[in-house]
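So this one's input.cif, mmCIF, C-alpha atoms:
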```
data_query
#
loop_
_atom_site.group_PDB
_atom_site.id
_atom_site.type_symbol
_atom_site.label_atom_id
_atom_site.label_comp_id
_atom_site.auth_asym_id
_atom_site.auth_seq_id
_atom_site.Cartn_x
_atom_site.Cartn_y
_atom_site.Cartn_z
ATOM 1 C CA MET A 1 0.000 0.000 0.000
ATOM 2 C CA LEU A 2 1.257 3.464 -0.882
ATOM 3 C CA LYS A 3 2.028 5.564 2.126
ATOM 4 C CA LYS A 4 -0.251 8.511 2.822
ATOM 5 C CA ARG A 5 1.020 12.078 2.565
ATOM 6 C CA ILE A 6 0.527 15.109 4.790
ATOM 7 C CA ILE A 7 0.623 18.401 2.886
ATOM 8 C CA PRO A 8 0.476 21.798 4.591
ATOM 9 C CA CYS A 9 -0.919 24.546 2.385
ATOM 10 C CA LEU A 10 0.148 28.169 2.169
ATOM 11 C CA ASP A 11 -2.742 30.260 0.852
ATOM 12 C CA ILE A 12 -1.089 33.504 -0.206
ATOM 13 C CA LYS A 13 -2.608 36.978 -0.472
ATOM 14 C CA ASN A 14 -0.504 40.148 -0.744
ATOM 15 C CA GLY A 15 2.616 38.125 -0.006
ATOM 16 C CA ARG A 16 1.334 36.786 3.321
ATOM 17 C CA THR A 17 -0.135 33.450 4.384
ATOM 18 C CA VAL A 18 -3.854 33.766 5.102
ATOM 19 C CA LYS A 19 -6.592 31.458 6.310
ATOM 20 C CA GLY A 20 -10.358 31.831 6.262
ATOM 21 C CA VAL A 21 -13.601 29.904 6.693
ATOM 22 C CA ASN A 22 -15.537 28.765 3.601
ATOM 23 C CA PHE A 23 -13.106 30.860 1.507
ATOM 24 C CA LEU A 24 -14.154 34.038 3.397
ATOM 25 C CA GLN A 25 -13.079 36.007 6.502
ATOM 26 C CA LEU A 26 -9.372 35.760 5.725
ATOM 27 C CA ARG A 27 -6.938 36.424 8.543
ATOM 28 C CA ASP A 28 -3.190 36.656 8.581
ATOM 29 C CA ALA A 29 -1.411 33.387 9.385
ATOM 30 C CA GLY A 30 2.227 34.378 9.120
ATOM 31 C CA ASP A 31 5.261 34.694 6.904
ATOM 32 C CA PRO A 32 5.128 32.048 4.148
ATOM 33 C CA VAL A 33 8.887 31.527 4.017
ATOM 34 C CA LYS A 34 9.181 30.892 7.757
ATOM 35 C CA LEU A 35 6.161 28.585 7.689
ATOM 36 C CA ALA A 36 7.611 26.643 4.753
ATOM 37 C CA GLU A 37 10.873 26.140 6.620
ATOM 38 C CA GLU A 38 9.060 25.043 9.774
ATOM 39 C CA TYR A 39 6.876 22.517 7.965
ATOM 40 C CA THR A 40 9.924 21.049 6.257
ATOM 41 C CA ARG A 41 11.554 20.600 9.673
ATOM 42 C CA GLN A 42 8.403 18.972 11.042
ATOM 43 C CA GLY A 43 8.410 16.311 8.328
ATOM 44 C CA ALA A 44 5.847 17.519 5.791
ATOM 45 C CA ASP A 45 5.782 15.271 2.744
ATOM 46 C CA GLU A 46 5.060 18.097 0.338
ATOM 47 C CA LEU A 47 4.205 21.789 0.408
ATOM 48 C CA ALA A 48 1.429 23.565 -1.494
ATOM 49 C CA PHE A 49 1.570 27.268 -2.343
ATOM 50 C CA LEU A 50 -1.677 28.734 -3.700
ATOM 51 C CA ASP A 51 -1.776 32.406 -4.697
ATOM 52 C CA ILE A 52 -5.501 32.658 -4.015
ATOM 53 C CA SER A 53 -6.124 36.112 -5.469
ATOM 54 C CA ALA A 54 -4.011 35.850 -8.633
ATOM 55 C CA THR A 55 -6.917 34.759 -10.837
ATOM 56 C CA THR A 56 -9.475 37.268 -9.572
ATOM 57 C CA GLU A 57 -6.867 40.047 -9.719
ATOM 58 C CA GLN A 58 -5.938 38.909 -13.256
ATOM 59 C CA ARG A 59 -2.215 38.669 -12.538
ATOM 60 C CA LYS A 60 0.489 36.020 -12.445
ATOM 61 C CA THR A 61 1.674 34.053 -9.440
ATOM 62 C CA LEU A 62 4.264 35.770 -7.236
ATOM 63 C CA ILE A 63 7.389 34.242 -8.788
ATOM 64 C CA PRO A 64 9.975 35.940 -6.500
ATOM 65 C CA LEU A 65 8.212 34.492 -3.450
ATOM 66 C CA VAL A 66 8.071 31.052 -5.074
ATOM 67 C CA GLU A 67 11.815 31.271 -5.750
ATOM 68 C CA HIS A 68 12.518 32.320 -2.165
ATOM 69 C CA ILE A 69 10.551 29.417 -0.701
ATOM 70 C CA ALA A 70 11.979 26.879 -3.152
ATOM 71 C CA ARG A 71 15.501 27.747 -2.016
ATOM 72 C CA ARG A 72 14.578 27.060 1.623
ATOM 73 C CA ILE A 73 12.880 23.654 1.319
ATOM 74 C CA ASN A 74 13.850 20.190 0.116
ATOM 75 C CA ILE A 75 10.417 18.582 -0.323
ATOM 76 C CA PRO A 76 8.117 18.502 -3.377
ATOM 77 C CA PHE A 77 6.577 21.912 -3.985
ATOM 78 C CA THR A 78 3.211 22.492 -5.693
ATOM 79 C CA VAL A 79 2.364 26.002 -6.868
ATOM 80 C CA GLY A 80 -0.949 27.364 -8.132
ATOM 81 C CA GLY A 81 -2.746 30.612 -8.862
ATOM 82 C CA GLY A 82 -3.061 32.666 -12.039
ATOM 83 C CA ILE A 83 -1.655 29.966 -14.345
ATOM 84 C CA ASN A 84 -3.200 30.340 -17.795
ATOM 85 C CA SER A 85 -0.619 28.946 -20.201
ATOM 86 C CA VAL A 86 2.210 26.480 -20.643
ATOM 87 C CA GLU A 87 4.620 29.406 -20.397
ATOM 88 C CA ASP A 88 3.177 30.385 -17.006
ATOM 89 C CA ALA A 89 3.790 26.816 -15.860
ATOM 90 C CA ALA A 90 7.312 26.855 -17.275
ATOM 91 C CA ASN A 91 8.142 30.061 -15.427
ATOM 92 C CA LEU A 92 7.041 28.547 -12.115
ATOM 93 C CA ILE A 93 8.941 25.317 -12.704
ATOM 94 C CA ARG A 94 12.043 27.384 -13.443
ATOM 95 C CA ALA A 95 11.372 29.234 -10.183
ATOM 96 C CA GLY A 96 11.447 25.945 -8.241
ATOM 97 C CA ALA A 97 7.969 24.418 -8.411
ATOM 98 C CA ASP A 98 7.845 20.640 -8.812
ATOM 99 C CA LYS A 99 4.130 20.541 -9.645
ATOM 100 C CA ILE A 100 1.649 23.018 -11.087
ATOM 101 C CA SER A 101 -1.881 23.360 -9.719
ATOM 102 C CA ILE A 102 -4.532 24.680 -12.090
ATOM 103 C CA ASN A 103 -8.202 25.312 -11.392
ATOM 104 C CA SER A 104 -10.143 28.129 -13.073
ATOM 105 C CA ALA A 105 -8.023 28.141 -16.232
ATOM 106 C CA ALA A 106 -8.452 24.387 -16.620
ATOM 107 C CA VAL A 107 -12.232 24.688 -16.419
ATOM 108 C CA ARG A 108 -12.277 27.526 -18.950
ATOM 109 C CA ARG A 109 -9.869 25.785 -21.321
ATOM 110 C CA PRO A 110 -9.518 22.070 -20.518
ATOM 111 C CA ASP A 111 -6.853 21.593 -23.206
ATOM 112 C CA LEU A 112 -4.468 23.464 -20.876
ATOM 113 C CA ILE A 113 -4.242 20.282 -18.775
ATOM 114 C CA THR A 114 -3.071 18.294 -21.794
ATOM 115 C CA GLU A 115 -0.674 21.002 -22.935
ATOM 116 C CA ILE A 116 1.127 21.205 -19.581
ATOM 117 C CA ALA A 117 1.140 17.418 -19.170
ATOM 118 C CA SER A 118 2.558 16.967 -22.674
ATOM 119 C CA ARG A 119 5.449 19.303 -21.963
ATOM 120 C CA PHE A 120 6.301 18.439 -18.375
ATOM 121 C CA GLY A 121 4.582 15.094 -17.713
ATOM 122 C CA SER A 122 1.329 14.264 -15.958
ATOM 123 C CA GLN A 123 3.166 13.984 -12.661
ATOM 124 C CA CYS A 124 3.586 17.782 -12.760
ATOM 125 C CA VAL A 125 -0.120 18.561 -13.222
ATOM 126 C CA VAL A 126 -2.451 18.896 -10.242
ATOM 127 C CA VAL A 127 -6.011 19.834 -11.150
ATOM 128 C CA ALA A 128 -7.660 21.567 -8.213
ATOM 129 C CA LEU A 129 -11.413 21.345 -7.716
ATOM 130 C CA ASP A 130 -13.173 23.769 -5.388
ATOM 131 C CA ILE A 131 -16.549 22.131 -4.869
ATOM 132 C CA ARG A 132 -19.743 22.855 -2.970
ATOM 133 C CA LEU A 133 -22.907 20.843 -2.369
ATOM 134 C CA THR A 134 -25.484 22.838 -4.323
ATOM 135 C CA LYS A 135 -29.129 21.692 -4.518
ATOM 136 C CA GLY A 136 -28.072 18.136 -3.788
ATOM 137 C CA GLN A 137 -25.220 18.053 -6.322
ATOM 138 C CA TRP A 138 -21.511 18.568 -5.827
ATOM 139 C CA GLU A 139 -20.621 21.337 -8.273
ATOM 140 C CA VAL A 140 -17.343 22.964 -9.313
ATOM 141 C CA TYR A 141 -16.610 26.614 -8.458
ATOM 142 C CA ILE A 142 -13.922 28.836 -9.947
ATOM 143 C CA ASP A 143 -12.427 32.309 -9.447
ATOM 144 C CA GLY A 144 -11.540 31.725 -5.804
ATOM 145 C CA GLY A 145 -14.875 30.058 -5.109
ATOM 146 C CA THR A 146 -16.937 33.020 -6.306
ATOM 147 C CA LYS A 147 -18.434 31.534 -9.471
ATOM 148 C CA ASN A 148 -20.477 28.362 -9.776
ATOM 149 C CA THR A 149 -19.799 26.649 -13.096
ATOM 150 C CA GLY A 150 -22.639 24.184 -12.691
ATOM 151 C CA TYR A 151 -20.222 21.391 -13.610
ATOM 152 C CA ASN A 152 -20.685 18.097 -11.802
ATOM 153 C CA ALA A 153 -17.604 17.467 -9.638
ATOM 154 C CA MET A 154 -17.442 13.748 -10.405
ATOM 155 C CA HIS A 155 -17.733 14.246 -14.157
ATOM 156 C CA TRP A 156 -15.060 16.958 -14.136
ATOM 157 C CA SER A 157 -12.737 14.753 -12.069
ATOM 158 C CA MET A 158 -12.907 11.988 -14.651
ATOM 159 C CA GLN A 159 -12.452 14.425 -17.528
ATOM 160 C CA ALA A 160 -9.413 15.995 -15.856
ATOM 161 C CA GLU A 161 -7.811 12.569 -15.556
ATOM 162 C CA ARG A 162 -8.519 11.778 -19.207
ATOM 163 C CA LEU A 163 -6.932 15.071 -20.252
ATOM 164 C CA GLY A 164 -3.684 14.296 -18.420
ATOM 165 C CA ALA A 165 -3.966 15.354 -14.791
ATOM 166 C CA GLY A 166 -1.586 13.479 -12.514
ATOM 167 C CA GLU A 167 -3.394 14.331 -9.285
ATOM 168 C CA LEU A 168 -6.616 15.948 -8.089
ATOM 169 C CA LEU A 169 -6.764 18.441 -5.225
ATOM 170 C CA LEU A 170 -10.306 18.275 -3.884
ATOM 171 C CA THR A 171 -11.457 21.114 -1.607
ATOM 172 C CA SER A 172 -14.945 21.134 -0.120
ATOM 173 C CA MET A 173 -15.789 24.814 0.250
ATOM 174 C CA GLY A 174 -18.452 24.048 2.853
ATOM 175 C CA HIS A 175 -15.884 22.284 5.020
ATOM 176 C CA ASP A 176 -13.023 24.738 4.498
ATOM 177 C CA GLY A 177 -11.823 26.243 7.763
ATOM 178 C CA THR A 178 -14.653 24.750 9.825
ATOM 179 C CA LYS A 179 -12.450 22.154 11.572
ATOM 180 C CA ASN A 180 -15.396 19.758 11.521
ATOM 181 C CA GLY A 181 -13.720 17.080 9.436
ATOM 182 C CA PHE A 182 -13.171 16.323 5.763
ATOM 183 C CA ALA A 183 -15.957 15.745 3.225
ATOM 184 C CA LEU A 184 -15.593 11.979 3.404
ATOM 185 C CA GLU A 185 -18.445 10.834 1.158
ATOM 186 C CA ILE A 186 -17.586 12.890 -1.935
ATOM 187 C CA THR A 187 -13.875 12.257 -1.401
ATOM 188 C CA GLU A 188 -14.464 8.523 -1.454
ATOM 189 C CA GLN A 189 -16.757 8.769 -4.472
ATOM 190 C CA ILE A 190 -14.226 10.692 -6.542
ATOM 191 C CA ALA A 191 -11.270 8.597 -5.363
ATOM 192 C CA GLY A 192 -13.204 5.552 -6.540
ATOM 193 C CA LEU A 193 -13.842 7.022 -9.982
ATOM 194 C CA VAL A 194 -10.273 7.940 -10.893
ATOM 195 C CA SER A 195 -6.997 6.038 -10.881
ATOM 196 C CA ILE A 196 -4.826 9.066 -10.030
ATOM 197 C CA PRO A 197 -4.128 10.244 -6.468
ATOM 198 C CA VAL A 198 -6.734 12.405 -4.754
ATOM 199 C CA ILE A 199 -5.643 14.999 -2.201
ATOM 200 C CA ALA A 200 -8.411 15.864 0.263
ATOM 201 C CA SER A 201 -8.662 19.421 1.563
ATOM 202 C CA GLY A 202 -11.046 21.328 3.788
ATOM 203 C CA GLY A 203 -12.170 20.686 7.344
ATOM 204 C CA ALA A 204 -9.197 19.270 9.251
ATOM 205 C CA GLY A 205 -9.580 20.096 12.919
ATOM 206 C CA ASN A 206 -7.883 17.303 14.866
ATOM 207 C CA THR A 207 -5.976 14.052 14.514
ATOM 208 C CA ILE A 208 -9.169 11.962 14.357
ATOM 209 C CA HIS A 209 -10.226 13.757 11.176
ATOM 210 C CA PHE A 210 -7.046 12.606 9.424
ATOM 211 C CA GLN A 211 -7.541 9.075 10.732
ATOM 212 C CA GLU A 212 -11.121 9.018 9.426
ATOM 213 C CA LEU A 213 -10.028 10.317 6.039
ATOM 214 C CA PHE A 214 -7.439 7.600 5.539
ATOM 215 C CA GLU A 215 -9.541 4.785 7.001
ATOM 216 C CA LYS A 216 -12.829 5.648 5.265
ATOM 217 C CA THR A 217 -11.639 6.889 1.862
ATOM 218 C CA ASN A 218 -8.965 6.094 -0.674
ATOM 219 C CA ALA A 219 -7.523 9.606 -0.516
ATOM 220 C CA SER A 220 -3.778 9.519 -1.087
ATOM 221 C CA ALA A 221 -3.027 12.670 0.879
ATOM 222 C CA ALA A 222 -4.492 15.169 3.311
ATOM 223 C CA LEU A 223 -3.960 18.886 2.853
ATOM 224 C CA ALA A 224 -4.498 21.260 5.760
ATOM 225 C CA ALA A 225 -3.685 24.816 6.697
ATOM 226 C CA GLY A 226 -5.100 26.536 9.768
ATOM 227 C CA ILE A 227 -4.580 23.637 12.153
ATOM 228 C CA PHE A 228 -0.866 23.816 11.334
ATOM 229 C CA HIS A 229 -0.490 27.581 10.903
ATOM 230 C CA PHE A 230 -1.958 28.389 14.312
ATOM 231 C CA ARG A 231 -0.013 25.600 16.031
ATOM 232 C CA GLU A 232 -3.000 23.571 17.109
ATOM 233 C CA LEU A 233 -1.235 20.467 15.823
ATOM 234 C CA SER A 234 2.236 19.815 14.477
ATOM 235 C CA ILE A 235 2.908 17.569 11.507
ATOM 236 C CA TYR A 236 5.337 15.602 13.655
ATOM 237 C CA GLU A 237 2.628 14.912 16.283
ATOM 238 C CA LEU A 238 0.110 14.007 13.603
ATOM 239 C CA LYS A 239 2.402 11.470 11.993
ATOM 240 C CA ILE A 240 3.132 9.775 15.309
ATOM 241 C CA PHE A 241 -0.611 9.516 15.951
ATOM 242 C CA LEU A 242 -1.335 8.042 12.510
ATOM 243 C CA LYS A 243 1.483 5.512 12.786
ATOM 244 C CA ASP A 244 0.076 4.422 16.154
ATOM 245 C CA LYS A 245 -3.238 3.834 14.369
ATOM 246 C CA GLN A 246 -1.473 1.557 11.851
ATOM 247 C CA ILE A 247 -2.023 3.987 9.000
ATOM 248 C CA PRO A 248 0.852 3.797 6.490
ATOM 249 C CA ILE A 249 2.412 7.228 6.665
ATOM 250 C CA ARG A 250 5.707 8.543 5.336
#
```
Please render this file's structure as structure tokens.
Amino acid sequence: MLKKRIIPCLDIKNGRTVKGVNFLQLRDAGDPVKLAEEYTRQGADELAFLDISATTEQRKTLIPLVEHIARRINIPFTVGGGINSVEDAANLIRAGADKISINSAAVRRPDLITEIASRFGSQCVVVALDIRLTKGQWEVYIDGGTKNTGYNAMHWSMQAERLGAGELLLTSMGHDGTKNGFALEITEQIAGLVSIPVIASGGAGNTIHFQELFEKTNASAALAAGIFHFRELSIYELKIFLKDKQIPIR
């Protein structure tokens, strides 16, 4: 069995790490470079950097900050936000990103997934899905969660895989920042539909939530932010707990 991964996430706005609830009420969570260094020391398996306002502000990802962080860490580094072309992806990979996360641009122009995968390999392409339960259906949202596309989350997941995605980053907007646990049912449904790894995001509040995710779904990784940023739980403590529960962890 493949070992599960723990991935802290740096949501970036105006050069600072922020964290909100349901994508709203953002508050400052610290210096992204210092947090990246700390999570590397604690044993994070990977690090995600998402420039959450790049798309809505119609600008590119903060490349100098990506370069700064990449020089300070030695774990796989996923970067997303404002990526609209293969050249945007290339610039971030040159800056130190190992993987590229695309969301809104992929929905608007699905061929972008194939184009990036063709140039850099599927292992470099993470398609992020921000989803919300809307009138009984899990639907895909874009533009920082502000626009409902009406697309069915399960259908889009399968299409993204067909187009060349190497991983899916699944964030339940209704669970984000609530610390009430991950969206287990939809995570398991999507993980069962695709053959690529699914990263679950949104709702982590304690060690039990991670245990439930890995025991009740086929998610390959758990992504969390606030619980780590505000020192409610360290990655080191979490990994000890999961190993004690016989969950294969790196």
What does the distance between atom CA of Val140 of chain A and atom CA of Ala153 of chain A come to in Å, to one decimal place?
5.5 Å
Spatial neighbours of Tyr236 of chain A, max dist 7 Å, only C-alpha atoms, sep filter under 3 positions, as a ChimeraX atom specification:
/A:42-43,239-240
Given only C-alpha atoms as the basis, pick out the residue of A:Ala224, A:Thr114, A:Asn148, A:Trp156 nearest to Gly181 of chain A.
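Nearest candidate to Gly181 of chain A out of A:Ala224, A:Thr114, A:Asn148, A:Trp156: A:Ala224.
Once the PyMOL selection byres ((chain A and resi 44) around 8) is applied to the shown structure, the selection contains Arg5, Ile6, Ile7, Pro8, Tyr39, Thr40, Arg41, Gln42, Gly43, Asp45, Glu46, Leu47, Ile75 and Ile235 of chain A.
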Long-range neighbours of Val107 of chain A as a PDB file with C-alpha atoms, keeping the file's coordinate frame, 10 Å cut-off, all atoms listed in the file, 6 positions minimum in chain:
```
ATOM      1  CA  ILE A 113      -4.242  20.282 -18.775  1.00  0.00           C
ATOM      2  CA  VAL A 127      -6.011  19.834 -11.150  1.00  0.00           C
ATOM      3  CA  ALA A 128      -7.660  21.567  -8.213  1.00  0.00           C
ATOM      4  CA  LEU A 129     -11.413  21.345  -7.716  1.00  0.00           C
ATOM      5  CA  VAL A 140     -17.343  22.964  -9.313  1.00  0.00           C
ATOM      6  CA  TYR A 141     -16.610  26.614  -8.458  1.00  0.00           C
ATOM      7  CA  ILE A 142     -13.922  28.836  -9.947  1.00  0.00           C
ATOM      8  CA  THR A 149     -19.799  26.649 -13.096  1.00  0.00           C
ATOM      9  CA  TYR A 151     -20.222  21.391 -13.610  1.00  0.00           C
ATOM     10  CA  TRP A 156     -15.060  16.958 -14.136  1.00  0.00           C
ATOM     11  CA  ALA A 160      -9.413  15.995 -15.856  1.00  0.00           C
TER      12      ALA A 160
END
```
Within 7 Å of Ser101 of chain A, counting all atoms listed in the file, which residues qualify if same-chain residues fewer than 3 places away don't, as a list in words?
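Listed by chain and then number, they are Thr78, Val79, Gly80, Val125, Val126, Val127 and Ala128 of chain A.
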Shell around Lys3 of chain A at 8 Å using all atoms listed in the file, local window under 3 positions removed, as a PyMOL selection string:
chain A and resi 220+248-250
Fewer than 3 positions away in the same chain doesn't count, so skip those; otherwise give me all residues within 8 Å of Thr178 of chain A, counting all atoms listed in the file, as a PyMOL selection string.
chain A and resi 21-22+174-175+181+202-205
Applied to this file, what does the PyMOL selection byres ((chain A and resi 93-99) around 12) return in terms of residues, put as an MDAnalysis selection string?
chainID A and resid 46:50 61:80 83 86:92 100:102 116:117 119:128 165:169
For the structure shown, which residues end up in the PyMOL selection byres ((chain A and resi 242) around 10)? Put them as a VMD selection string, please?
chain A and resid 4 207 to 208 210 to 211 214 237 to 241 243 to 249
Expressed in Å to a single decimal, how great is the separation between atom CA of Ile190 of chain A and atom CA of Gly82 of chain A?
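Atom-to-atom, atom CA of Ile190 of chain A and atom CA of Gly82 of chain A are spaced 25.3 Å apart.
You will find atom CA of Ile12 of chain A at 9.6 Å from atom CA of Asp31 of chain A.
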Of the residues A:Thr146, A:Ser201, A:Ser85, A:Thr217, which is the one nearest to Leu170 of chain A, using all atoms listed in the file?
A:Ser201
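Among the candidates A:Ala106, A:Leu112, A:Cys9, A:Leu133, the residue lying nearest to Ile199 of chain A is A:Cys9 (atoms considered: only C-alpha atoms).
Distances from A:Asn218, A:Arg162, A:Lys19, A:Leu10 to Pro32 of chain A were compared using only C-alpha atoms, and the smallest one belongs to A:Leu10.
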